[in-house]
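In what follows, a structure is listed as structure tokens, so that the remarks can point back to it.
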Amino acid sequence: MPMVTINGVEVEVEKDVSILEAAAQAGFDVPHFCYHPALSAPANCRMCLVEVERAPKLLPACYNPVSDGMVVQTESEQVVRARKAVLEFILVNHPVDCPICDKAGECKLQDYYFAYDAQESRMRAEKQHKVKAYPIGPRVVYDGERCILCTRCIRFCEEISGTSELTLADRGDKIEVRTFPGQELDNDYSLCTVDVCPVGALTSRDFRFKCRVWLLTSTESICTGCSQGCNIHLDHFRNETQRYRPRYNSEVNDYWMCDDGRLTYKNLHTDRLLSPQHNGATDNWHTLTKSVAAKLEKQIKAHGEESIALVLSAQAACEDIFLAKLFHEEILGKKAQLYIAGKPSGKHDDFLINADKNPNRRGIEAVFAKLDGIKDVATLAGDITAGTIKTVYMMGTEFGEGDRSEAVAALKKCELFILQSTQGADLLDVAHIALPACTHAEKEGTFVNEEGIAQPFYKAYEPHGDSLPDWQIFMRIAKAMGKSTLNFTFLSKVQDRMFEATELLRKAEEEAAAAAKKAAEEAAAKKAEEEAKKAEESAAATEEPQDSTPS
Amino acid sequence: MGTVNVKVLERHQKTFWEKSYIPEISRGLGVTVKQFFKNLSPNKEKRDTFTIQYPEAGTDHYAERFRGQHRLMKREDGQVRCVACMCCSTICPANCIHIEAAEHDDPSIEKYPKVFVIDELRCIVCGLCVEACPCDAIRMDTGTHMAPRTDRTTAFHQRDDLLKKGGISIATRAGQKALASKSS
């Protein structure tokens with residue numbers, strides 16, 4: 001493994017890593033525009049030039065691999081002077097319209113200008129004018145003047161999305177990023193080009209002019225668009241989510257996320273159910289939990305727990321599902337019928353988009369260990385019309401693959417329909433009681449993705465309106481029904497018990513599997529023994545006459 | 001260790017009259033009484049008072065850099081100069097500026113403030129918005145006071161009201177400097 005010295009710090013790095021990556025390992029940040037860890041390195045921006053001993057001139061750090069005994073200077077006088085010159089060259093035709101530009105505040109050109117250049121323009125010639133605010137795709141806007149031609153977007157479309165819509169056209173100061181004739185930048189991952197753009201040349205049409213980035217607060221979260229569970233930065237301002245940005249996770253989504261998932265943040269703010277509703281009238285939590293408890297008790301007395309349907313949502317977090325499970329076990333005596341609901345499946349590809357549009361279906365499996373006895377929500381309508389279900393307690397408003405109008409019509413026939421959801425949708429008119437739940441931006445929790453990776457998400461801002469996290473709603477109702485066993489003060493307590501319970505379930509399952517295996521082995525051994533005995537016997541039987549003959 | 005030279009001073013001993021304070025008190029009262037009668041003089045020019053009967057009476061003794069009510073400047077074609085960069089609302093320590101940006105119909109103007117409201121009840125007249133503006137779009141040089149009011153709703157200055165007070169600014173904006181110096 002080669003040893004390199006960077007600014008006097010010796011590091012041992014893997015063979016064939018670039019100087020830039022070696023410098024990062026040594027703790028030095030080499031400024032760069034065109035280099036991106038997930039893309040190829042064309043070394044065209046010349047921003048990462050560094051001084052290497054015995055090299056005739058400065059070398060681009062992103063492109064040159066390290067060799068043993070290399071001595072590199074990343075902040076020497078010559079390097080800083082070169083950076084200043086590169087920045088001046090890039091800024092020759094740059095419009096410097098930072099007040100208008102959405103990227104201002106997270107723009108690399110802006111940051112490096114203040115760090116290395118910080119001088120007035122010496123240009124006296126008129127700047128080259130190019131296309132401005134051009135809709136290069138349905139979700140992306142292109143500004144040719146701001147573009148610094150790093151080709152990150154082009155390489156993204158070639159190497160990651162594999163759609164290759166973009167190319168560089170023309171030469172010299174007329175050079176521009178363009179789509180090929182008859183094409184537009186329209187692929188499922190087109191907004192990632194906005195993320196990789198180091199300047200404001202590509203901006204998101206959705207986020208355009210909505211909020212200045214320096215006003216945003218970022219919270220680590222998980223995209224709820226599908227079961228892939230892409231890691232995101234949830235950027236919010238004044239209690240409202242403004243955008244999602246992908247967060248690096250090599251196990252799940254690398255640096256990327258899909259456009260559909262990125263725009264799912266809009267659901268967090270549309271048609272929210274913000275106050276508890278009792279037969280269409282706004283109520284408060286205090287009186288409503290009491291009446292819910294009374295009504296549930298009445299229904300249990302009249303028809304038994306078997307007539308109650310508890311619909312679990314695959315959109316809810318593991319903690320909420322766990323409390324639903326405890327509610328089912330301790331309040332409903334494990335007799336109520338469980339259903340699993342979620343969004344119907346949609347389009348999928350072999351990169352990041354999964355067909356299952358629910359973030360936590362695997363979470364329900366993890367909490368309940370096995371899904372035996374949990375029906376699909378599509379059968380709910382039939383069960384209600386058949387009369388086996390009189391009461392429905394439903395999380396979320398989705399009916400999976402089932403017929404929605406049929407389900408809504410059936411729910412109208414219920415004696416008691418309790419809806420616990422972030423949005424009321426068309427069920428609000430049908431529900432006798434509607435309980436407002438938090439979105440994932442307003443609470444903490446865990447989602448388990450398609451591959452079974454449990455990932456935490458964090459609270460970004462306070463719940464909107466009177467909404468509460470699902471687990472707290474279950475706790476309130478359980479308390480009103482006189483069961484104080486469901487009494488958790490913090491989410492961490494829920495998590496402790498949940499992880500303990502799932503661990504126990506897993507162990508029990510493993511033990512059962514081991515026991516079954518042992519039993520099978522024993523049976524097999526016994527059988528083998530018996531067979532051997534039989535064979536022996538038969539052999540003895542065949543031998544016996546031989547034995548007996550001589551006498 | 002060096003030696004310290006100590007100079008012993010004789011303390012000033014107060015006399016009986018000094019200790020009684022009576023001469024000094026009467027001297028001070030004398031100044032007060034003199035000013036009192038001077039400011040009662042019928043000739044206003046001779047008075048020493050600086051009290052202004054605000055808001056009934058104004059004054060022309062305003063400093064050159066007096067910060068009054070805001071105004072929004074216009075481009076040469078009368079359009080609003082502000083590009084809704086939010087620099088003023090970001091720096092405002094009183095959070096009194098509310099801006100909503102939008103895309104302009106005119107393709108030469110990319111971004112403009114669809115809504116621009118200054119809440120004068122919150123404004124502390126610090127002038128930081130003017131300092132922060134990169135486009136010379138907001139100024140506080142109207143010379144008009146933040147007047148006391150009885151109706152709170154009149155304290156919200158909308159974009160068009162602010163524009164009516166504003167004139168045309170010919171200041172060059174960022175990126176236009178080279179152009180301007182070439183043409184001049």
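Residue numbers start at 1 in each chain; chains themselves are named A, B, ... in the order of the structure tokens; ligands are numbered from 1 in the order shown.
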
Cut-off 12 Å: closest chain A/chain B atom pairs per residue, using only C-alpha atoms, as a tab-separated table:
```
residue	atom	partner	partner_atom	distance
A:Leu91	CA	B:Gly175	CA	10.2
A:Val92	CA	B:Gly175	CA	10.3
A:Asn93	CA	B:Gly175	CA	9.3
A:His94	CA	B:Gly175	CA	8.1
A:Pro95	CA	B:Gly175	CA	5.3
A:Val96	CA	B:Gly175	CA	5.4
A:Asp97	CA	B:Ala174	CA	6.5
A:Cys98	CA	B:Cys85	CA	8.2
A:Pro99	CA	B:Cys85	CA	4.6
A:Ile100	CA	B:Cys85	CA	5.8
A:Cys101	CA	B:Cys85	CA	8.2
A:Asp102	CA	B:Cys85	CA	8.9
A:Lys103	CA	B:Cys85	CA	11.3
A:Ala104	CA	B:Cys85	CA	9.4
A:Gly105	CA	B:Cys85	CA	11.2
A:Glu120	CA	B:Lys177	CA	10.1
A:Ser121	CA	B:Ala178	CA	8.2
A:Arg122	CA	B:Ala178	CA	8.7
A:Met123	CA	B:Ala178	CA	6.8
A:Arg124	CA	B:Ala178	CA	5.3
A:Ala125	CA	B:Ala178	CA	6.7
A:Glu126	CA	B:Leu179	CA	5.7
A:Lys127	CA	B:Leu179	CA	7.9
A:Gln128	CA	B:Leu179	CA	11.2
A:His129	CA	B:Gly175	CA	11.5
A:Val131	CA	B:Pro107	CA	11.1
A:Lys132	CA	B:Glu110	CA	8.6
A:Ala133	CA	B:Glu110	CA	7.6
A:Tyr134	CA	B:Pro107	CA	10.6
A:Asp143	CA	B:Glu110	CA	11.0
A:Glu145	CA	B:Gly175	CA	11.3
A:Arg146	CA	B:Gly175	CA	11.6
A:Arg205	CA	B:Glu103	CA	10.9
A:Phe207	CA	B:Ala102	CA	11.4
A:Arg208	CA	B:Ala102	CA	8.7
A:Phe209	CA	B:Ala101	CA	5.8
A:Lys210	CA	B:Ala101	CA	6.9
A:Cys211	CA	B:Ala101	CA	8.4
A:Arg212	CA	B:Met86	CA	7.2
A:Val213	CA	B:Met86	CA	10.5
A:Trp214	CA	B:Thr90	CA	8.8
A:Leu215	CA	B:Thr90	CA	7.8
A:Leu216	CA	B:Thr90	CA	11.6
```

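The protein and nucleic acid residues lying at most 9 Å from segment 139-150 of chain B are Pro55, Tyr62, Arg65, Phe66, Arg67, Gly68, Gln69, His70, Arg71, Leu72, Met73, Glu120, Leu121, Val125, Gly127, Cys129, Val130, Cys133, Asp136, Ala137, Arg152, Thr154, Ala155, Lys165 and Gly166 of chain B, with only C-alpha atoms considered and sequence neighbours fewer than 2 positions away removed.
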
query: What is the atom CA of Tyr112 of chain A to atom CA of Pro31 of chain A distance in Å?
result: 7.4 Å

- prompt: Per DSSP on the backbone, what are the helix (DSSP H, G or I) residues of segment 101-152 of chain A, as a PyMOL selection string?
  reply: chain A and resi 108-117+152

Quick one: write out the picked residues with all heavy atoms as a compact mmCIF listing (two decimals), in the first residue's frame?
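again-v6.txt, freshly written:
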```txt
# COMPACT_ATOMS: atom_id res chain seq x y z
N LYS A 108 -20.87 26.09 -4.82
CA LYS A 108 -19.43 25.88 -4.63
C LYS A 108 -18.64 27.05 -5.19
O LYS A 108 -17.62 27.43 -4.63
CB LYS A 108 -19.02 24.59 -5.33
CG LYS A 108 -19.48 23.36 -4.59
CD LYS A 108 -18.59 22.20 -4.92
CE LYS A 108 -18.65 21.16 -3.84
NZ LYS A 108 -17.61 20.18 -3.99
N LEU A 109 -19.12 27.59 -6.30
CA LEU A 109 -18.41 28.72 -6.91
C LEU A 109 -18.38 29.90 -5.95
O LEU A 109 -17.36 30.57 -5.78
CB LEU A 109 -19.08 29.09 -8.23
CG LEU A 109 -18.40 30.16 -9.08
CD1 LEU A 109 -16.97 29.77 -9.42
CD2 LEU A 109 -19.18 30.41 -10.36
N GLN A 110 -19.54 30.14 -5.31
CA GLN A 110 -19.63 31.23 -4.35
C GLN A 110 -18.68 30.99 -3.17
O GLN A 110 -17.92 31.89 -2.78
CB GLN A 110 -21.07 31.29 -3.84
CG GLN A 110 -21.54 32.65 -3.43
CD GLN A 110 -23.00 32.61 -2.97
OE1 GLN A 110 -23.50 31.60 -2.48
NE2 GLN A 110 -23.67 33.72 -3.12
N ASP A 111 -18.68 29.77 -2.65
CA ASP A 111 -17.83 29.45 -1.50
C ASP A 111 -16.36 29.60 -1.85
O ASP A 111 -15.59 30.22 -1.10
CB ASP A 111 -18.09 28.01 -1.02
CG ASP A 111 -19.49 27.83 -0.48
OD1 ASP A 111 -20.15 28.86 -0.25
OD2 ASP A 111 -19.92 26.69 -0.30
N TYR A 112 -15.96 29.02 -2.99
CA TYR A 112 -14.55 29.07 -3.36
C TYR A 112 -14.12 30.49 -3.73
O TYR A 112 -12.98 30.88 -3.52
CB TYR A 112 -14.27 28.12 -4.53
CG TYR A 112 -14.42 26.66 -4.18
CD1 TYR A 112 -14.80 25.74 -5.13
CD2 TYR A 112 -14.18 26.21 -2.88
CE1 TYR A 112 -14.94 24.40 -4.82
CE2 TYR A 112 -14.32 24.88 -2.56
CZ TYR A 112 -14.70 23.98 -3.52
OH TYR A 112 -14.84 22.66 -3.20
N TYR A 113 -15.06 31.26 -4.29
CA TYR A 113 -14.73 32.65 -4.61
C TYR A 113 -14.34 33.39 -3.33
O TYR A 113 -13.31 34.07 -3.29
CB TYR A 113 -15.91 33.35 -5.28
CG TYR A 113 -15.73 34.84 -5.41
CD1 TYR A 113 -14.95 35.37 -6.44
CD2 TYR A 113 -16.27 35.72 -4.48
CE1 TYR A 113 -14.74 36.73 -6.53
CE2 TYR A 113 -16.07 37.08 -4.57
CZ TYR A 113 -15.30 37.59 -5.61
OH TYR A 113 -15.08 38.93 -5.69
N PHE A 114 -15.13 33.22 -2.29
CA PHE A 114 -14.81 33.92 -1.04
C PHE A 114 -13.56 33.34 -0.38
O PHE A 114 -12.84 34.05 0.30
CB PHE A 114 -16.00 33.86 -0.08
CG PHE A 114 -17.08 34.83 -0.45
CD1 PHE A 114 -18.29 34.42 -0.94
CD2 PHE A 114 -16.84 36.20 -0.33
CE1 PHE A 114 -19.26 35.33 -1.31
CE2 PHE A 114 -17.81 37.12 -0.68
CZ PHE A 114 -19.03 36.68 -1.18
N ALA A 115 -13.31 32.05 -0.61
CA ALA A 115 -12.15 31.43 0.03
C ALA A 115 -10.85 31.74 -0.70
O ALA A 115 -9.80 31.90 -0.07
CB ALA A 115 -12.35 29.92 0.11
N TYR A 116 -10.88 31.83 -2.04
CA TYR A 116 -9.61 31.91 -2.78
C TYR A 116 -9.48 33.12 -3.70
O TYR A 116 -8.38 33.52 -4.02
CB TYR A 116 -9.43 30.64 -3.63
CG TYR A 116 -9.30 29.40 -2.78
CD1 TYR A 116 -10.32 28.48 -2.70
CD2 TYR A 116 -8.14 29.19 -2.02
CE1 TYR A 116 -10.21 27.37 -1.90
CE2 TYR A 116 -8.03 28.07 -1.22
CZ TYR A 116 -9.06 27.16 -1.17
OH TYR A 116 -8.94 26.07 -0.38
N ASP A 117 -10.62 33.65 -4.19
CA ASP A 117 -10.51 34.70 -5.20
C ASP A 117 -10.72 36.07 -4.56
O ASP A 117 -9.78 36.84 -4.38
CB ASP A 117 -11.52 34.43 -6.32
CG ASP A 117 -11.25 35.27 -7.55
OD1 ASP A 117 -10.21 35.94 -7.57
OD2 ASP A 117 -12.07 35.25 -8.49
N ARG A 152 -20.83 17.36 -14.85
CA ARG A 152 -21.35 16.40 -13.86
C ARG A 152 -22.72 15.87 -14.29
O ARG A 152 -23.00 14.68 -14.18
CB ARG A 152 -21.49 17.07 -12.51
CG ARG A 152 -20.29 16.96 -11.62
CD ARG A 152 -20.68 17.54 -10.28
NE ARG A 152 -19.58 17.55 -9.34
CZ ARG A 152 -19.73 17.90 -8.07
NH1 ARG A 152 -20.91 18.29 -7.63
NH2 ARG A 152 -18.72 17.89 -7.25
```

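Assigned to strand (DSSP E or B) in chain B, given DSSP computed from backbone atoms, are Arg71, Leu72, Lys74, Val80, Ile97, His98, Ile99, Glu100, Ala101, Ala102, Glu103, Lys111, Tyr112, Pro113, Lys114, Val115, Phe116, Val117, Ile118, Asp119, Ile138, Arg139, Phe156, His157 and Ile168 of chain B.
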
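For Met475 of chain A, the list of residues within 8 Å, based on only C-alpha atoms and with local chain neighbours fewer than 4 positions off taken out, reads Leu323, Trp471, Lys479, Leu486, Asn487 and Phe488 of chain A.
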
Save the residues we just selected, N, CA and C atoms, as a PDB file, in the first residue's frame?
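File produced: result_21.pdb:
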```pdb
ATOM      1  N   LEU A 323     -47.157  -0.181  19.015  1.00  0.00           N
ATOM      2  CA  LEU A 323     -48.203   0.217  19.958  1.00  0.00           C
ATOM      3  C   LEU A 323     -49.557  -0.343  19.526  1.00  0.00           C
ATOM      4  N   TRP A 471     -48.424   6.407  17.990  1.00  0.00           N
ATOM      5  CA  TRP A 471     -48.203   5.634  19.225  1.00  0.00           C
ATOM      6  C   TRP A 471     -48.783   6.339  20.433  1.00  0.00           C
ATOM      7  N   LYS A 479     -55.320   4.366  27.827  1.00  0.00           N
ATOM      8  CA  LYS A 479     -55.410   4.945  29.168  1.00  0.00           C
ATOM      9  C   LYS A 479     -56.863   5.259  29.512  1.00  0.00           C
ATOM     10  N   LEU A 486     -50.008   0.351  28.964  1.00  0.00           N
ATOM     11  CA  LEU A 486     -49.447   1.066  27.810  1.00  0.00           C
ATOM     12  C   LEU A 486     -49.092   2.474  28.267  1.00  0.00           C
ATOM     13  N   ASN A 487     -47.991   2.596  28.958  1.00  0.00           N
ATOM     14  CA  ASN A 487     -47.664   3.896  29.525  1.00  0.00           C
ATOM     15  C   ASN A 487     -46.196   4.196  29.302  1.00  0.00           C
ATOM     16  N   PHE A 488     -45.912   4.766  28.148  1.00  0.00           N
ATOM     17  CA  PHE A 488     -44.532   5.106  27.823  1.00  0.00           C
ATOM     18  C   PHE A 488     -44.385   6.619  27.848  1.00  0.00           C
TER      19      PHE A 488
END
```

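Going from atom CA of Lys84 of chain A over to atom CA of Val72 of chain A, you cover 18.9 Å.
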
- request: Please provide the set of residues having any atom within 7 Å of Met70 of chain A, restricted to only C-alpha atoms, with same-chain residues fewer than 4 positions apart removed, written as a PyMOL selection string.
  value: chain A and resi 4-5+66

Would you put the residues from that selection into a file with all heavy atoms, as an mmCIF file, in the first residue's frame?
```
data_model
loop_
_atom_site.group_PDB
_atom_site.id
_atom_site.type_symbol
_atom_site.label_atom_id
_atom_site.label_comp_id
_atom_site.auth_asym_id
_atom_site.auth_seq_id
_atom_site.Cartn_x
_atom_site.Cartn_y
_atom_site.Cartn_z
ATOM 1 N N VAL A 4 1.828 8.175 1.194
ATOM 2 C CA VAL A 4 1.974 9.500 0.598
ATOM 3 C C VAL A 4 2.030 10.553 1.699
ATOM 4 O O VAL A 4 1.487 10.360 2.785
ATOM 5 C CB VAL A 4 0.811 9.852 -0.361
ATOM 6 C CG1 VAL A 4 0.957 9.150 -1.682
ATOM 7 C CG2 VAL A 4 -0.523 9.535 0.260
ATOM 8 N N THR A 5 2.712 11.634 1.405
ATOM 9 C CA THR A 5 2.803 12.744 2.356
ATOM 10 C C THR A 5 1.998 13.906 1.790
ATOM 11 O O THR A 5 2.281 14.376 0.686
ATOM 12 C CB THR A 5 4.258 13.169 2.551
ATOM 13 O OG1 THR A 5 5.029 11.983 2.770
ATOM 14 C CG2 THR A 5 4.415 14.095 3.733
ATOM 15 N N VAL A 66 -2.307 8.107 -6.646
ATOM 16 C CA VAL A 66 -1.129 8.292 -5.803
ATOM 17 C C VAL A 66 -0.093 7.217 -6.148
ATOM 18 O O VAL A 66 -0.423 6.151 -6.670
ATOM 19 C CB VAL A 66 -1.471 8.189 -4.308
ATOM 20 C CG1 VAL A 66 -2.324 9.349 -3.877
ATOM 21 C CG2 VAL A 66 -2.154 6.874 -3.997
#
```

Need the shell around Val11 of chain A: protein/DNA/RNA residues with any atom at most 9 Å away, counting only C-alpha atoms. Skip same-chain ones fewer than 4 positions apart. Format as a PDB file with N, CA, C and O atoms, in the first residue's frame?
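Okay, result-v2.pdb is ready:
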```pdb
ATOM      1  N   PRO A   2       0.621   2.170  -0.924  1.00  0.00           N
ATOM      2  CA  PRO A   2       1.496   3.340  -1.037  1.00  0.00           C
ATOM      3  C   PRO A   2       1.376   4.280   0.166  1.00  0.00           C
ATOM      4  O   PRO A   2       0.292   4.466   0.714  1.00  0.00           O
ATOM      5  N   MET A   3       2.522   4.853   0.545  1.00  0.00           N
ATOM      6  CA  MET A   3       2.547   5.886   1.588  1.00  0.00           C
ATOM      7  C   MET A   3       2.696   7.224   0.890  1.00  0.00           C
ATOM      8  O   MET A   3       3.579   7.391   0.056  1.00  0.00           O
ATOM      9  N   VAL A   4       1.828   8.175   1.194  1.00  0.00           N
ATOM     10  CA  VAL A   4       1.974   9.500   0.598  1.00  0.00           C
ATOM     11  C   VAL A   4       2.030  10.553   1.699  1.00  0.00           C
ATOM     12  O   VAL A   4       1.487  10.360   2.785  1.00  0.00           O
ATOM     13  N   THR A   5       2.712  11.634   1.405  1.00  0.00           N
ATOM     14  CA  THR A   5       2.803  12.744   2.356  1.00  0.00           C
ATOM     15  C   THR A   5       1.998  13.906   1.790  1.00  0.00           C
ATOM     16  O   THR A   5       2.281  14.376   0.686  1.00  0.00           O
ATOM     17  N   ILE A   6       0.963  14.303   2.532  1.00  0.00           N
ATOM     18  CA  ILE A   6       0.133  15.415   2.068  1.00  0.00           C
ATOM     19  C   ILE A   6       0.224  16.540   3.083  1.00  0.00           C
ATOM     20  O   ILE A   6      -0.134  16.363   4.246  1.00  0.00           O
ATOM     21  N   ALA A  22      -6.922  10.686  -1.308  1.00  0.00           N
ATOM     22  CA  ALA A  22      -5.872  10.504  -0.301  1.00  0.00           C
ATOM     23  C   ALA A  22      -5.800  11.727   0.606  1.00  0.00           C
ATOM     24  O   ALA A  22      -5.662  11.604   1.832  1.00  0.00           O
ATOM     25  N   ALA A  23      -5.949  12.914   0.006  1.00  0.00           N
ATOM     26  CA  ALA A  23      -5.926  14.149   0.801  1.00  0.00           C
ATOM     27  C   ALA A  23      -7.099  14.191   1.756  1.00  0.00           C
ATOM     28  O   ALA A  23      -6.971  14.610   2.908  1.00  0.00           O
ATOM     29  N   GLN A  25      -8.474  11.622   3.089  1.00  0.00           N
ATOM     30  CA  GLN A  25      -8.154  10.712   4.190  1.00  0.00           C
ATOM     31  C   GLN A  25      -7.193  11.355   5.172  1.00  0.00           C
ATOM     32  O   GLN A  25      -7.232  11.086   6.368  1.00  0.00           O
ATOM     33  N   ALA A  26      -6.303  12.202   4.643  1.00  0.00           N
ATOM     34  CA  ALA A  26      -5.345  12.878   5.517  1.00  0.00           C
ATOM     35  C   ALA A  26      -5.988  14.074   6.210  1.00  0.00           C
ATOM     36  O   ALA A  26      -5.368  14.703   7.064  1.00  0.00           O
TER      37      ALA A  26
END
```
